[in-house]
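Here's the structure we're looking at; comments come further down.
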Amino acid sequence: NEGMVQRLAKFGVAAEQIDEAELGRRYPMMSPEPFPTFDEDGNETPHAGGAFSAVYEHGCGHIDSSTCLEDLLRACRRDGAEVRLNQRVHRFVTAPSTGRCTGVEMADGSLIEAGVAVVNASGPWFNKLNSTVGLSLSTTALPTRIQVGHKWIPDEYCSLPFVADGWGPSGIYFMPRAANNQLVFGSVAHRFESEIVDPDAYNASLDPDVKQDYLNCLFHRLPNLPREGEIVGFSSMYTVNQDDVHPMIGETRVAGLWACNGFSGHGFKLAPAVGSLVAQQITGAKTDAWETGVPHDFMGPYREPLSLKVKTHFA
């Protein structure tokens with residue numbers, strides 16, 4: 001955690017390392033005990049993680065992604081962009097003479113021609129669309145089912161920070177939404193983020209066994225959290241790069257067709273930099289506003305998998 005504080009400081013993020021006593025002072029409703037582990041005979045095994053510590057980031061908050069997308073939609077339409085919702089793309093269209101991608105055919109048979117480029121940012125449907133032009137990349141991104149729950153909480157729990165629990169193997173995360181007294185929770189533990197699904201045929205509910213597992217982890221960290229109240233949940237999808245959990249971004253071997261996918265759960269927060277990167281690649285230009293300086297080939301669709309110390313969705 002000390003190393004993480006130093007790393008955050010390099011990016012201008014103020015953070016500090018806190019111990020068990022400081023956690024109790026700031027958030028007395030949170031238990032500092034590590035999540036227990038057990039051997040094959042059901043006996044609890046000793047915790048080998050040393051003394052408790054946590055990283056507390058100052059000035060952090062939660063941005064509602066749905067509201068941001070609504071703002072983006074209004075901005076696009078304000079500036080004359082055509083936006084279509086709830087319309088399915090059937091396949092990419094290529095020019096017979098050159099093989100260049102020239103547009104898309106919709107499910108109803110209509111064609112949309114591309115003026116400059118086609119960008120495949122279709123998330124879980126990425127591979128299905130790529131297959132319509134026989135396209136494969138050097139890394140593999142697959143639609144992965146992610147389950148989330150939420151429950152009512154009393155007012156005193158609404159001041160909790162966004163917590164990602166790495167103290168033991170639970171992987172639970174939770175964040176309060178004070179406007180409606182709800183606690184949203186899930187887990188980044190691999191056992192909860194490894195179910196590969198068909199995006200057109202998957203269970204969009206919260207599985208009962210997963211809900212109970214989540215609650216066990218949640219109540220361990222918040223032991224006095226009221227048990228009453230309905231637990232509501234749902235499932236959706238990440239598109240997880242199985243090789244290095246980083247996106248693949250750039251023009252593919254089908255000229256005029258860009259890959260922009262494999263965000264592994266990080267797409268929303270990476271979006272400003274990704275939009276800048278793709279715009280630079282397609283136009284060959286930069287604006288005088290903020291632009292990313294990431295090399296154009298760093299996350300290219302035919303790169304070697306990036307070397308990581310630990311391959312997790314937190315990479």
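Letters A, B, ... mark the chains of the structure tokens in the order given; residue numbers begin at 1 per chain; ligand numbers begin at 1, in order shown.
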task: Give me every helix (DSSP H, G or I) residue in region 204-287 of chain A, going by DSSP on the backbone, as a PyMOL selection string.
output: chain A and resi 208-221+267-283
Residue subset to file, keeping C-alpha atoms, as a short mmCIF file (atom, residue, chain, number, x, y, z; two decimals), in the first residue's frame:
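File written: selection36.cif
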data_model
loop_
_atom_site.label_atom_id
_atom_site.label_comp_id
_atom_site.auth_asym_id
_atom_site.auth_seq_id
_atom_site.Cartn_x
_atom_site.Cartn_y
_atom_site.Cartn_z
CA PRO A 208 -29.03 -16.65 -5.61
CA ASP A 209 -25.73 -18.35 -4.70
CA VAL A 210 -23.71 -15.33 -5.84
CA LYS A 211 -26.00 -13.01 -3.89
CA GLN A 212 -25.41 -15.03 -0.74
CA ASP A 213 -21.64 -15.08 -1.34
CA TYR A 214 -21.63 -11.32 -1.83
CA LEU A 215 -23.64 -10.81 1.35
CA ASN A 216 -21.26 -13.00 3.35
CA CYS A 217 -18.37 -10.80 2.20
CA LEU A 218 -20.31 -7.57 2.71
CA PHE A 219 -21.51 -8.38 6.23
CA HIS A 220 -18.00 -9.46 7.18
CA ARG A 221 -16.70 -5.97 6.41
CA GLY A 267 -14.16 1.62 -20.45
CA PHE A 268 -16.08 4.45 -18.78
CA LYS A 269 -13.11 5.99 -17.01
CA LEU A 270 -10.81 5.50 -20.01
CA ALA A 271 -13.31 7.00 -22.45
CA PRO A 272 -11.87 10.56 -22.73
CA ALA A 273 -8.37 9.27 -23.50
CA VAL A 274 -9.70 6.57 -25.85
CA GLY A 275 -11.83 9.08 -27.77
CA SER A 276 -8.79 11.30 -28.17
CA LEU A 277 -6.60 8.38 -29.26
CA VAL A 278 -9.04 7.07 -31.88
CA ALA A 279 -9.69 10.58 -33.25
CA GLN A 280 -5.95 11.16 -33.61
CA GLN A 281 -5.49 7.84 -35.40
CA ILE A 282 -8.32 8.45 -37.85
CA THR A 283 -7.72 12.14 -38.59
#
query: Using only C-alpha atoms, which residues sit within 6 Å of region 156-169 of chain A once same-chain residues fewer than 6 positions away are excluded, as a list of chain:residue names?
result: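 My reading of the contact set: A:Pro34, A:Phe35, A:Met175, A:Pro176, A:Ala178.
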query: Leaving out Thr37 (chain A) and any residue of its chain fewer than 3 positions from it, which residues lie within 9 Å of it when counting only C-alpha atoms, given as a VMD selection string?
result: chain A and resid 42 to 47 168 to 169
Would you mind exporting the chosen residues as a PDB file, in the first residue's frame, restricted to N, CA and C atoms?
ATOM      1  N   GLY A  42     -12.139 -27.755   6.379  1.00  0.00           N
ATOM      2  CA  GLY A  42     -13.024 -26.766   6.963  1.00  0.00           C
ATOM      3  C   GLY A  42     -12.439 -26.000   8.124  1.00  0.00           C
ATOM      4  N   ASN A  43     -11.144 -26.162   8.366  1.00  0.00           N
ATOM      5  CA  ASN A  43     -10.496 -25.441   9.457  1.00  0.00           C
ATOM      6  C   ASN A  43      -9.979 -24.093   8.953  1.00  0.00           C
ATOM      7  N   GLU A  44     -10.172 -23.054   9.750  1.00  0.00           N
ATOM      8  CA  GLU A  44      -9.710 -21.729   9.352  1.00  0.00           C
ATOM      9  C   GLU A  44      -8.184 -21.695   9.345  1.00  0.00           C
ATOM     10  N   THR A  45      -7.633 -21.140   8.287  1.00  0.00           N
ATOM     11  CA  THR A  45      -6.181 -21.057   8.155  1.00  0.00           C
ATOM     12  C   THR A  45      -5.684 -19.706   8.652  1.00  0.00           C
ATOM     13  N   PRO A  46      -4.467 -19.653   9.189  1.00  0.00           N
ATOM     14  CA  PRO A  46      -3.941 -18.388   9.708  1.00  0.00           C
ATOM     15  C   PRO A  46      -3.790 -17.353   8.594  1.00  0.00           C
ATOM     16  N   HIS A  47      -4.070 -16.109   8.929  1.00  0.00           N
ATOM     17  CA  HIS A  47      -3.898 -15.022   7.974  1.00  0.00           C
ATOM     18  C   HIS A  47      -2.425 -14.649   7.886  1.00  0.00           C
ATOM     19  N   GLY A 168      -7.888  -9.978   2.372  1.00  0.00           N
ATOM     20  CA  GLY A 168      -8.445 -11.317   2.278  1.00  0.00           C
ATOM     21  C   GLY A 168      -9.014 -11.535   0.890  1.00  0.00           C
ATOM     22  N   PRO A 169      -9.546 -12.720   0.623  1.00  0.00           N
ATOM     23  CA  PRO A 169      -9.926 -13.093  -0.747  1.00  0.00           C
ATOM     24  C   PRO A 169     -11.347 -12.723  -1.154  1.00  0.00           C
TER      25      PRO A 169
END
message: When you look at region 89-98 of chain A with a cut-off of 6 Å (counting only C-alpha atoms), what residues show up, excluding the ones that are within fewer than 4 positions of it in the same chain? I need them as a list in words.
response: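 Residues near the query, excluding close chain neighbours: Thr102, Gly103, Val104, Glu105, Met106, Ala107, Leu129 and Thr132 of chain A.
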Could the residues in this selection be written to a file with N, CA, C and O atoms, as a PDB file, in the first residue's frame?
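Dumped to part39.pdb:
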ATOM      1  N   THR A 102     -16.499  -0.091 -45.841  1.00  0.00           N
ATOM      2  CA  THR A 102     -17.150   1.127 -46.307  1.00  0.00           C
ATOM      3  C   THR A 102     -18.417   1.465 -45.536  1.00  0.00           C
ATOM      4  O   THR A 102     -19.043   2.497 -45.796  1.00  0.00           O
ATOM      5  N   GLY A 103     -18.813   0.594 -44.598  1.00  0.00           N
ATOM      6  CA  GLY A 103     -20.023   0.877 -43.847  1.00  0.00           C
ATOM      7  C   GLY A 103     -20.533  -0.361 -43.152  1.00  0.00           C
ATOM      8  O   GLY A 103     -19.806  -1.348 -42.978  1.00  0.00           O
ATOM      9  N   VAL A 104     -21.811  -0.314 -42.763  1.00  0.00           N
ATOM     10  CA  VAL A 104     -22.425  -1.449 -42.072  1.00  0.00           C
ATOM     11  C   VAL A 104     -23.796  -1.725 -42.671  1.00  0.00           C
ATOM     12  O   VAL A 104     -24.467  -0.819 -43.177  1.00  0.00           O
ATOM     13  N   GLU A 105     -24.185  -2.989 -42.628  1.00  0.00           N
ATOM     14  CA  GLU A 105     -25.545  -3.380 -42.984  1.00  0.00           C
ATOM     15  C   GLU A 105     -26.309  -3.632 -41.687  1.00  0.00           C
ATOM     16  O   GLU A 105     -25.848  -4.377 -40.821  1.00  0.00           O
ATOM     17  N   MET A 106     -27.482  -2.995 -41.554  1.00  0.00           N
ATOM     18  CA  MET A 106     -28.282  -3.152 -40.348  1.00  0.00           C
ATOM     19  C   MET A 106     -29.105  -4.434 -40.422  1.00  0.00           C
ATOM     20  O   MET A 106     -29.226  -5.058 -41.486  1.00  0.00           O
ATOM     21  N   ALA A 107     -29.680  -4.809 -39.290  1.00  0.00           N
ATOM     22  CA  ALA A 107     -30.466  -6.039 -39.244  1.00  0.00           C
ATOM     23  C   ALA A 107     -31.675  -5.988 -40.167  1.00  0.00           C
ATOM     24  O   ALA A 107     -32.148  -7.023 -40.651  1.00  0.00           O
ATOM     25  N   LEU A 129     -19.281  -9.295 -34.750  1.00  0.00           N
ATOM     26  CA  LEU A 129     -19.187  -8.405 -35.906  1.00  0.00           C
ATOM     27  C   LEU A 129     -17.872  -8.597 -36.646  1.00  0.00           C
ATOM     28  O   LEU A 129     -17.835  -8.578 -37.885  1.00  0.00           O
ATOM     29  N   THR A 132     -17.807 -11.240 -39.320  1.00  0.00           N
ATOM     30  CA  THR A 132     -18.476 -11.025 -40.608  1.00  0.00           C
ATOM     31  C   THR A 132     -17.499 -10.631 -41.701  1.00  0.00           C
ATOM     32  O   THR A 132     -17.858 -10.673 -42.882  1.00  0.00           O
TER      33      THR A 132
END
task: Check the DSSP output for the backbone and give back, as an MDAnalysis selection string, the residues of region 63-205 of chain A in strand (DSSP E or B).
output: chainID A and resid 89:94 101:106 111:113 118:120 141:152 163:164 172:177 182:187 196 198 201
Pairwise distance for CA of Asn1 (chain A) and CA of Thr292 (chain A), rounded to one decimal in Å: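 A separation of 27.8 Å between them.
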message: Report, in Å with one decimal, the straight-line distance from CA of Tyr302 (chain A) to CA of Cys260 (chain A).
response: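 Separating CA of Tyr302 (chain A) from CA of Cys260 (chain A) is a distance of 12.4 Å.
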message: Please compute the CA of Glu57 (chain A)-CA of Gln242 (chain A) distance, one decimal, in Å.
response: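 So the answer is 29.0 Å.
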- prompt: Which of these residues is nearest to Pro247 (chain A), using only C-alpha atoms: A:Ala21, A:Leu142, A:Ala81, A:Leu135?
  reply: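 Checking each of A:Ala21, A:Leu142, A:Ala81, A:Leu135 against Pro247 (chain A), counting only C-alpha atoms, the winner is A:Leu142.
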message: Measuring between only C-alpha atoms, which one of A:His58, A:Arg145, A:Lys151, A:Arg303 shows the shortest distance to Glu16 (chain A)?
response: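 Closest to Glu16 (chain A), using only C-alpha atoms: A:His58.
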task: Pick out the residues sitting within 12 Å of Ser138 (chain A), and hand them over as a ChimeraX atom specification; count only C-alpha atoms, and ignore anything fewer than 3 positions along from it in its own chain.
output: /A:135,141,241-244,247-249,252-253,259,299-306
query: Between A:Leu73, A:Val13, A:Asp41, A:Met4, which is the closest to Ala54 (chain A) once you count only C-alpha atoms?
result: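 Under the stated criterion, the closest residue is A:Met4.
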7 Å contact set for region 183-195 of chain A, only C-alpha atoms, chain neighbours under 4 positions out, as a list in words: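 Selected residues are Thr144, Arg145, Ile146, Gln147, Val148, Gly149, His150, Lys151, Trp152, Ile153, Ser170, Gly171, Ile172, Tyr173, Phe174, Met175, Pro176, Arg177 and Tyr214 of chain A.
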Taking C-alpha atoms for each residue, export the selection above as an mmCIF file, in the first residue's frame.
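See result-v6.cif below for the written result:
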data_model
loop_
_atom_site.group_PDB
_atom_site.id
_atom_site.type_symbol
_atom_site.label_atom_id
_atom_site.label_comp_id
_atom_site.auth_asym_id
_atom_site.auth_seq_id
_atom_site.Cartn_x
_atom_site.Cartn_y
_atom_site.Cartn_z
ATOM 1 C CA THR A 144 -17.927 -11.843 -19.371
ATOM 2 C CA ARG A 145 -20.955 -11.839 -17.086
ATOM 3 C CA ILE A 146 -20.752 -9.434 -14.131
ATOM 4 C CA GLN A 147 -23.248 -9.503 -11.256
ATOM 5 C CA VAL A 148 -24.159 -6.556 -9.021
ATOM 6 C CA GLY A 149 -26.482 -6.189 -6.040
ATOM 7 C CA HIS A 150 -27.855 -3.304 -3.984
ATOM 8 C CA LYS A 151 -29.734 -2.932 -0.732
ATOM 9 C CA TRP A 152 -31.176 -0.241 1.512
ATOM 10 C CA ILE A 153 -28.843 1.291 4.116
ATOM 11 C CA SER A 170 -13.470 -11.657 -0.723
ATOM 12 C CA GLY A 171 -12.849 -9.033 -3.414
ATOM 13 C CA ILE A 172 -16.051 -7.265 -2.358
ATOM 14 C CA TYR A 173 -16.555 -3.650 -3.361
ATOM 15 C CA PHE A 174 -19.333 -1.339 -2.269
ATOM 16 C CA MET A 175 -20.383 2.263 -2.735
ATOM 17 C CA PRO A 176 -23.228 4.190 -1.107
ATOM 18 C CA ARG A 177 -25.729 6.239 -3.056
ATOM 19 C CA TYR A 214 -21.633 -11.324 -1.833
#
